[in-house]
Amino acid sequence: MATNGFRRRSGRAPELVAQARRRLLAARDNASEPSRHYVVCGDDPLAYRLVEELAVRYQRQVTVILPSKARGHGPELDAMSGVRIVEAPRLDADAFRRAKIAAAAALALVRQDDVGNLDAALQAQELNPNIRVVIRMFNMSLGYGIRNLFKNCRVLSDASIAAPAFVASALGEVAPSYIRLPGRTLYLARREDVAPGKVICGLADTTVGPEPVLLPPDQARCDLVLAVADGGPGAHRADEQAEAAVRGANRRARLANRYRRLAAGRLFGSVLSRNLRIATLILLGVVVVGTVLLAWQSSGLLSLWQAFYLTVLDTVGGVDPDPNGRVTVQVLQVVVMLAGLAMIPVVTAAVVEAVVNARLALALGGLRVPIADHVVVVGLGNVGTRVIQQLHDLGVPVVAIDRLDQARGVQLARDLGIPLIIGDASRVETLQEASAGTARSLVVLSTDDVINLEAALHARSLNRGLRVVLRLFDGGFADRIQRVFGVTSSKSVSYLAAPAFAAAMLEREVIGTFPVKRRVLLVAEVPVEPGAALCGRTVAAAQHSGEARIIAVTAGEFRDAVWAPSPDRPLSPGERLIVVATRSGLGRLVAQSTPATDPPDLERTDVGPVSPQPPPDRP
């Protein structure tokens, strides 16, 4: 027995040695690196925006783990002030140790790999059990389970954060955006649709031009407001909304009836190939011409119907040769007989092709008849999947397009009964198949800016009044495209999602977001820490016109919050502020809510001073 116990302990010796080595390395890192920094893993657009938020807006020291400085956004990250780069082909314990994870305040895993992010989070918490981990995941069902199992963990989906902004732009109106808090639900609405007693604060004035004025000092000018929904009278003006819904339904019915009359002809064209349609039309033309010529050559002996009757019989092989007949009649009989010989295989091919194409369209979920007043969504990746789900939940007709049958949202589209077209959206034929010429709007969400732009231009040529919403990363390029080509709206997923990830790393909870045209407003919880610049200042002094507005102050639970606090109310340490702010406004408020600390030295000689001016708010 003793021998067996010794063998078991001996078999575990390498594992025990490895655990002891990890503890010694973590203790050494803690002793040699007492400072606190933030670690971001990834080199895609979201990682770039997140590092920009932390290093520039919040003036934090950041370490980025990426495969190579030369790929993706590696060159831009390497050139950013206050950022240290660690190159590692994969996320493992060695990469985390080189990033000094034991001394880090928070870790963000933002690669598009749910399982890989989970594995990296487990390894990081072995080296630093107290680190705050922010994980990017698409499968939020898995994410909620992970959040409950991990200590100090937050799981976010960039697709879920960004999708409402694309839906709002596609509908061309205030989308139904809600934020649910304990004991209170806040929603975005137009001022005329809300009773005055339900308004929390004004958010934006969208009547002055293409760009909205966010959080102006004069709240009375705001046509978009933040309101409380308590189910009481006047909360939504249900009667007005019902009338608007009826008007919208009637308009959609009229458009549907208008285009249903063209459905038969377009359906014929959709089930037959172009060459087969041409052959069929030629043969029909021969029959018509033969009927007319036969009636004319009979010198009035045959009526038009009799001529048609004889022509059809000749076509199907019932020709009675007449060697003594007129030459023109003999030529006509030969032509009609040859057309009859060709008609049998053409008709057979047309019937077979129509049946096969109809069955394929039914199996693939494509459009069987043209529709109108719908939304065409191009690209069924992470964001596209969320967008078609939300549009379907809102009762808006949707047609989805993706070039790959294995895209993430293809199965969801089929499960929801959404018409699905597998094809290249940059081709006019694909857009015509999706009835883009009669669509309400086009939302292009692929990750290729060139394909997105090409699809938008082709769709606009089919429908000049079409609302076009583009997914573009570069803000300057998006502005120029919007001005020159008349694109309705352009947005960046990483721009919309990065503030929520940055706030989660800083332990500032972003409760929700409200899209306002091409901009986004954040609703966040900001604790006032002892020794911070906000301590002792009034609510009015803490707010920034056009950037941040304090809508509630609480020292305990949300249910005990003081909503719409007095401008003269002083702020105390330990209180939490519920604010609605722009990205830059939230960054300034967070910086003022924490005590000032000297930036840590992360042993990088090429790190320059952090720029005190945040970059402009660009989508």
# chains A, B, ... in the order shown; residues from 1 in each chain; ligands from 1
$ closest_atom_pairs --of "region 533-559 of chain A" --to "region 566-576 of chain A" --cutoff "7 Å" --atoms "only C-alpha atoms" --output "CSV"
residue,atom,partner,partner_atom,distance
A:Leu534,CA,A:Leu571,CA,6.8
A:Cys535,CA,A:Ser572,CA,5.3
A:Gly536,CA,A:Leu571,CA,5.3
A:Arg537,CA,A:Pro570,CA,5.4
A:Thr538,CA,A:Pro570,CA,4.1
A:Val539,CA,A:Pro567,CA,4.9
A:Ala540,CA,A:Pro567,CA,4.6
A:Val553,CA,A:Arg576,CA,5.8
A:Thr554,CA,A:Arg576,CA,5.3
A:Ala555,CA,A:Glu575,CA,4.5
$ write_last_selection --atoms "all heavy atoms" --output "compact mmCIF listing (two decimals), in the first residue's frame"
# COMPACT_ATOMS: atom_id res chain seq x y z
N LEU A 534 -14.01 64.45 -8.59
CA LEU A 534 -15.45 64.71 -8.50
C LEU A 534 -15.93 64.90 -7.07
O LEU A 534 -17.03 65.44 -6.86
CB LEU A 534 -16.24 63.56 -9.15
CG LEU A 534 -16.21 63.46 -10.67
CD1 LEU A 534 -17.07 62.30 -11.13
CD2 LEU A 534 -16.70 64.75 -11.32
N CYS A 535 -15.17 64.44 -6.10
CA CYS A 535 -15.61 64.53 -4.70
C CYS A 535 -15.80 66.00 -4.31
O CYS A 535 -14.89 66.82 -4.46
CB CYS A 535 -14.58 63.87 -3.78
SG CYS A 535 -14.44 62.09 -4.01
N GLY A 536 -16.98 66.32 -3.80
CA GLY A 536 -17.29 67.67 -3.37
C GLY A 536 -17.79 68.58 -4.46
O GLY A 536 -18.30 69.67 -4.17
N ARG A 537 -17.68 68.18 -5.71
CA ARG A 537 -18.19 69.01 -6.80
C ARG A 537 -19.69 68.80 -6.95
O ARG A 537 -20.24 67.79 -6.53
CB ARG A 537 -17.49 68.67 -8.11
CG ARG A 537 -15.98 68.89 -8.07
CD ARG A 537 -15.34 68.55 -9.39
NE ARG A 537 -15.75 69.46 -10.46
CZ ARG A 537 -15.32 69.37 -11.72
NH1 ARG A 537 -14.47 68.41 -12.06
NH2 ARG A 537 -15.72 70.23 -12.62
N THR A 538 -20.34 69.77 -7.53
CA THR A 538 -21.78 69.67 -7.73
C THR A 538 -22.10 68.90 -9.01
O THR A 538 -21.22 68.68 -9.86
CB THR A 538 -22.41 71.07 -7.81
OG1 THR A 538 -21.89 71.74 -8.96
CG2 THR A 538 -22.10 71.86 -6.54
N VAL A 539 -23.36 68.53 -9.13
CA VAL A 539 -23.80 67.83 -10.33
C VAL A 539 -23.57 68.68 -11.57
O VAL A 539 -23.10 68.21 -12.60
CB VAL A 539 -25.28 67.43 -10.19
CG1 VAL A 539 -25.83 66.93 -11.51
CG2 VAL A 539 -25.46 66.39 -9.10
N ALA A 540 -23.88 69.96 -11.47
CA ALA A 540 -23.70 70.86 -12.61
C ALA A 540 -22.24 70.97 -13.01
O ALA A 540 -21.91 71.03 -14.20
CB ALA A 540 -24.27 72.24 -12.28
N VAL A 553 -28.31 59.72 -9.15
CA VAL A 553 -27.24 59.53 -8.17
C VAL A 553 -27.76 58.57 -7.12
O VAL A 553 -28.90 58.72 -6.63
CB VAL A 553 -26.81 60.86 -7.51
CG1 VAL A 553 -25.72 60.61 -6.46
CG2 VAL A 553 -26.34 61.86 -8.56
N THR A 554 -26.95 57.59 -6.74
CA THR A 554 -27.37 56.62 -5.73
C THR A 554 -26.18 56.24 -4.86
O THR A 554 -25.04 56.19 -5.34
CB THR A 554 -27.97 55.36 -6.37
OG1 THR A 554 -28.33 54.44 -5.36
CG2 THR A 554 -26.99 54.70 -7.32
N ALA A 555 -26.46 56.00 -3.60
CA ALA A 555 -25.44 55.50 -2.68
C ALA A 555 -25.66 54.03 -2.37
O ALA A 555 -24.88 53.43 -1.62
CB ALA A 555 -25.45 56.31 -1.38
$ select_by_dssp --residues "region 352-589 of chain A" --states "alpha helix (DSSP H)" --output "PyMOL selection string"
chain A and resi 352-364+382-393+410-416+428-433+449-462+475-485+493-505+539-542+583-589
$ write_last_selection --atoms "C-alpha atoms" --output "short mmCIF file (atom, residue, chain, number, x, y, z; two decimals), in the first residue's frame"
data_model
loop_
_atom_site.label_atom_id
_atom_site.label_comp_id
_atom_site.auth_asym_id
_atom_site.auth_seq_id
_atom_site.Cartn_x
_atom_site.Cartn_y
_atom_site.Cartn_z
CA VAL A 352 -38.12 20.50 -66.09
CA GLU A 353 -36.09 23.64 -65.35
CA ALA A 354 -39.08 25.43 -63.84
CA VAL A 355 -39.85 22.51 -61.52
CA VAL A 356 -36.20 22.10 -60.46
CA ASN A 357 -35.66 25.82 -59.85
CA ALA A 358 -38.90 26.12 -57.92
CA ARG A 359 -37.92 23.24 -55.66
CA LEU A 360 -34.43 24.66 -55.15
CA ALA A 361 -35.89 28.06 -54.27
CA LEU A 362 -38.22 26.40 -51.79
CA ALA A 363 -35.36 24.40 -50.23
CA LEU A 364 -32.96 27.34 -50.04
CA ASN A 382 -22.01 37.98 -36.28
CA VAL A 383 -23.60 41.40 -36.77
CA GLY A 384 -25.80 40.41 -39.69
CA THR A 385 -27.22 37.53 -37.67
CA ARG A 386 -28.22 39.87 -34.85
CA VAL A 387 -29.71 42.40 -37.29
CA ILE A 388 -31.99 39.93 -39.08
CA GLN A 389 -33.07 38.56 -35.70
CA GLN A 390 -34.05 42.01 -34.42
CA LEU A 391 -35.80 43.01 -37.65
CA HIS A 392 -37.76 39.77 -37.61
CA ASP A 393 -38.74 40.37 -33.96
CA VAL A 410 -27.77 31.13 -42.75
CA GLN A 411 -29.36 28.52 -40.49
CA LEU A 412 -31.10 31.20 -38.41
CA ALA A 413 -32.58 32.73 -41.57
CA ARG A 414 -33.94 29.36 -42.61
CA ASP A 415 -35.30 28.65 -39.13
CA LEU A 416 -37.11 32.00 -39.08
CA VAL A 428 -26.77 43.58 -59.91
CA GLU A 429 -28.47 40.25 -60.66
CA THR A 430 -28.24 39.19 -57.01
CA LEU A 431 -29.73 42.47 -55.81
CA GLN A 432 -32.52 42.21 -58.38
CA GLU A 433 -33.29 38.70 -57.13
CA ASP A 449 -15.42 47.70 -47.45
CA VAL A 450 -15.02 47.44 -51.24
CA ILE A 451 -17.79 44.86 -51.60
CA ASN A 452 -20.00 46.88 -49.28
CA LEU A 453 -19.54 50.02 -51.36
CA GLU A 454 -20.07 48.21 -54.67
CA ALA A 455 -23.30 46.62 -53.43
CA ALA A 456 -24.53 50.00 -52.19
CA LEU A 457 -23.88 51.73 -55.52
CA HIS A 458 -25.59 48.99 -57.55
CA ALA A 459 -28.61 49.02 -55.22
CA ARG A 460 -28.87 52.79 -55.43
CA SER A 461 -28.91 52.53 -59.25
CA LEU A 462 -31.92 50.20 -58.95
CA GLY A 475 -14.52 57.19 -40.15
CA GLY A 476 -12.97 59.66 -42.60
CA PHE A 477 -13.59 57.37 -45.55
CA ALA A 478 -17.18 56.86 -44.35
CA ASP A 479 -17.76 60.63 -44.22
CA ARG A 480 -16.49 61.10 -47.76
CA ILE A 481 -18.54 58.19 -49.10
CA GLN A 482 -21.63 59.55 -47.39
CA ARG A 483 -21.19 63.01 -48.93
CA VAL A 484 -20.21 61.99 -52.46
CA PHE A 485 -22.46 58.97 -53.04
CA VAL A 493 -19.06 47.90 -35.32
CA SER A 494 -15.81 48.31 -33.43
CA TYR A 495 -16.53 52.02 -32.85
CA LEU A 496 -19.94 51.20 -31.36
CA ALA A 497 -18.73 48.31 -29.20
CA ALA A 498 -15.31 49.46 -27.94
CA PRO A 499 -16.62 51.87 -25.24
CA ALA A 500 -18.54 49.07 -23.54
CA PHE A 501 -15.46 46.80 -23.50
CA ALA A 502 -13.23 49.60 -22.18
CA ALA A 503 -15.70 50.50 -19.44
CA ALA A 504 -15.98 46.84 -18.42
CA MET A 505 -12.17 46.62 -18.08
CA VAL A 539 -23.80 67.83 -10.33
CA ALA A 540 -23.70 70.86 -12.61
CA ALA A 541 -19.91 71.14 -12.33
CA ALA A 542 -19.43 67.44 -13.09
CA ARG A 583 -17.59 58.24 -25.77
CA SER A 584 -15.34 61.21 -25.02
CA GLY A 585 -17.65 62.50 -22.29
CA LEU A 586 -17.65 59.15 -20.49
CA GLY A 587 -13.86 59.03 -20.75
CA ARG A 588 -13.47 62.43 -19.07
CA LEU A 589 -16.00 61.57 -16.37
#
$ residues_around --residues "Leu91 (chain A)" --least-positions-apart "2" --cutoff "12 Å" --atoms "only C-alpha atoms" --output "MDAnalysis selection string"
chainID A and resid 40:42 64:67 86:89 93:99 101 109:111 113 116:124
$ closest_residue --among "A:Ala165, A:Val133, A:Leu149, A:Leu127" --to "Asp92 (chain A)" --atoms "only C-alpha atoms"
A:Leu127
$ atom_distance --atom1 "CA of Asp114 (chain A)" --atom2 "CA of Val134 (chain A)"
12.2 Å
$ atom_distance --atom1 "CA of Val520 (chain A)" --atom2 "CA of Val580 (chain A)"
10.3 Å
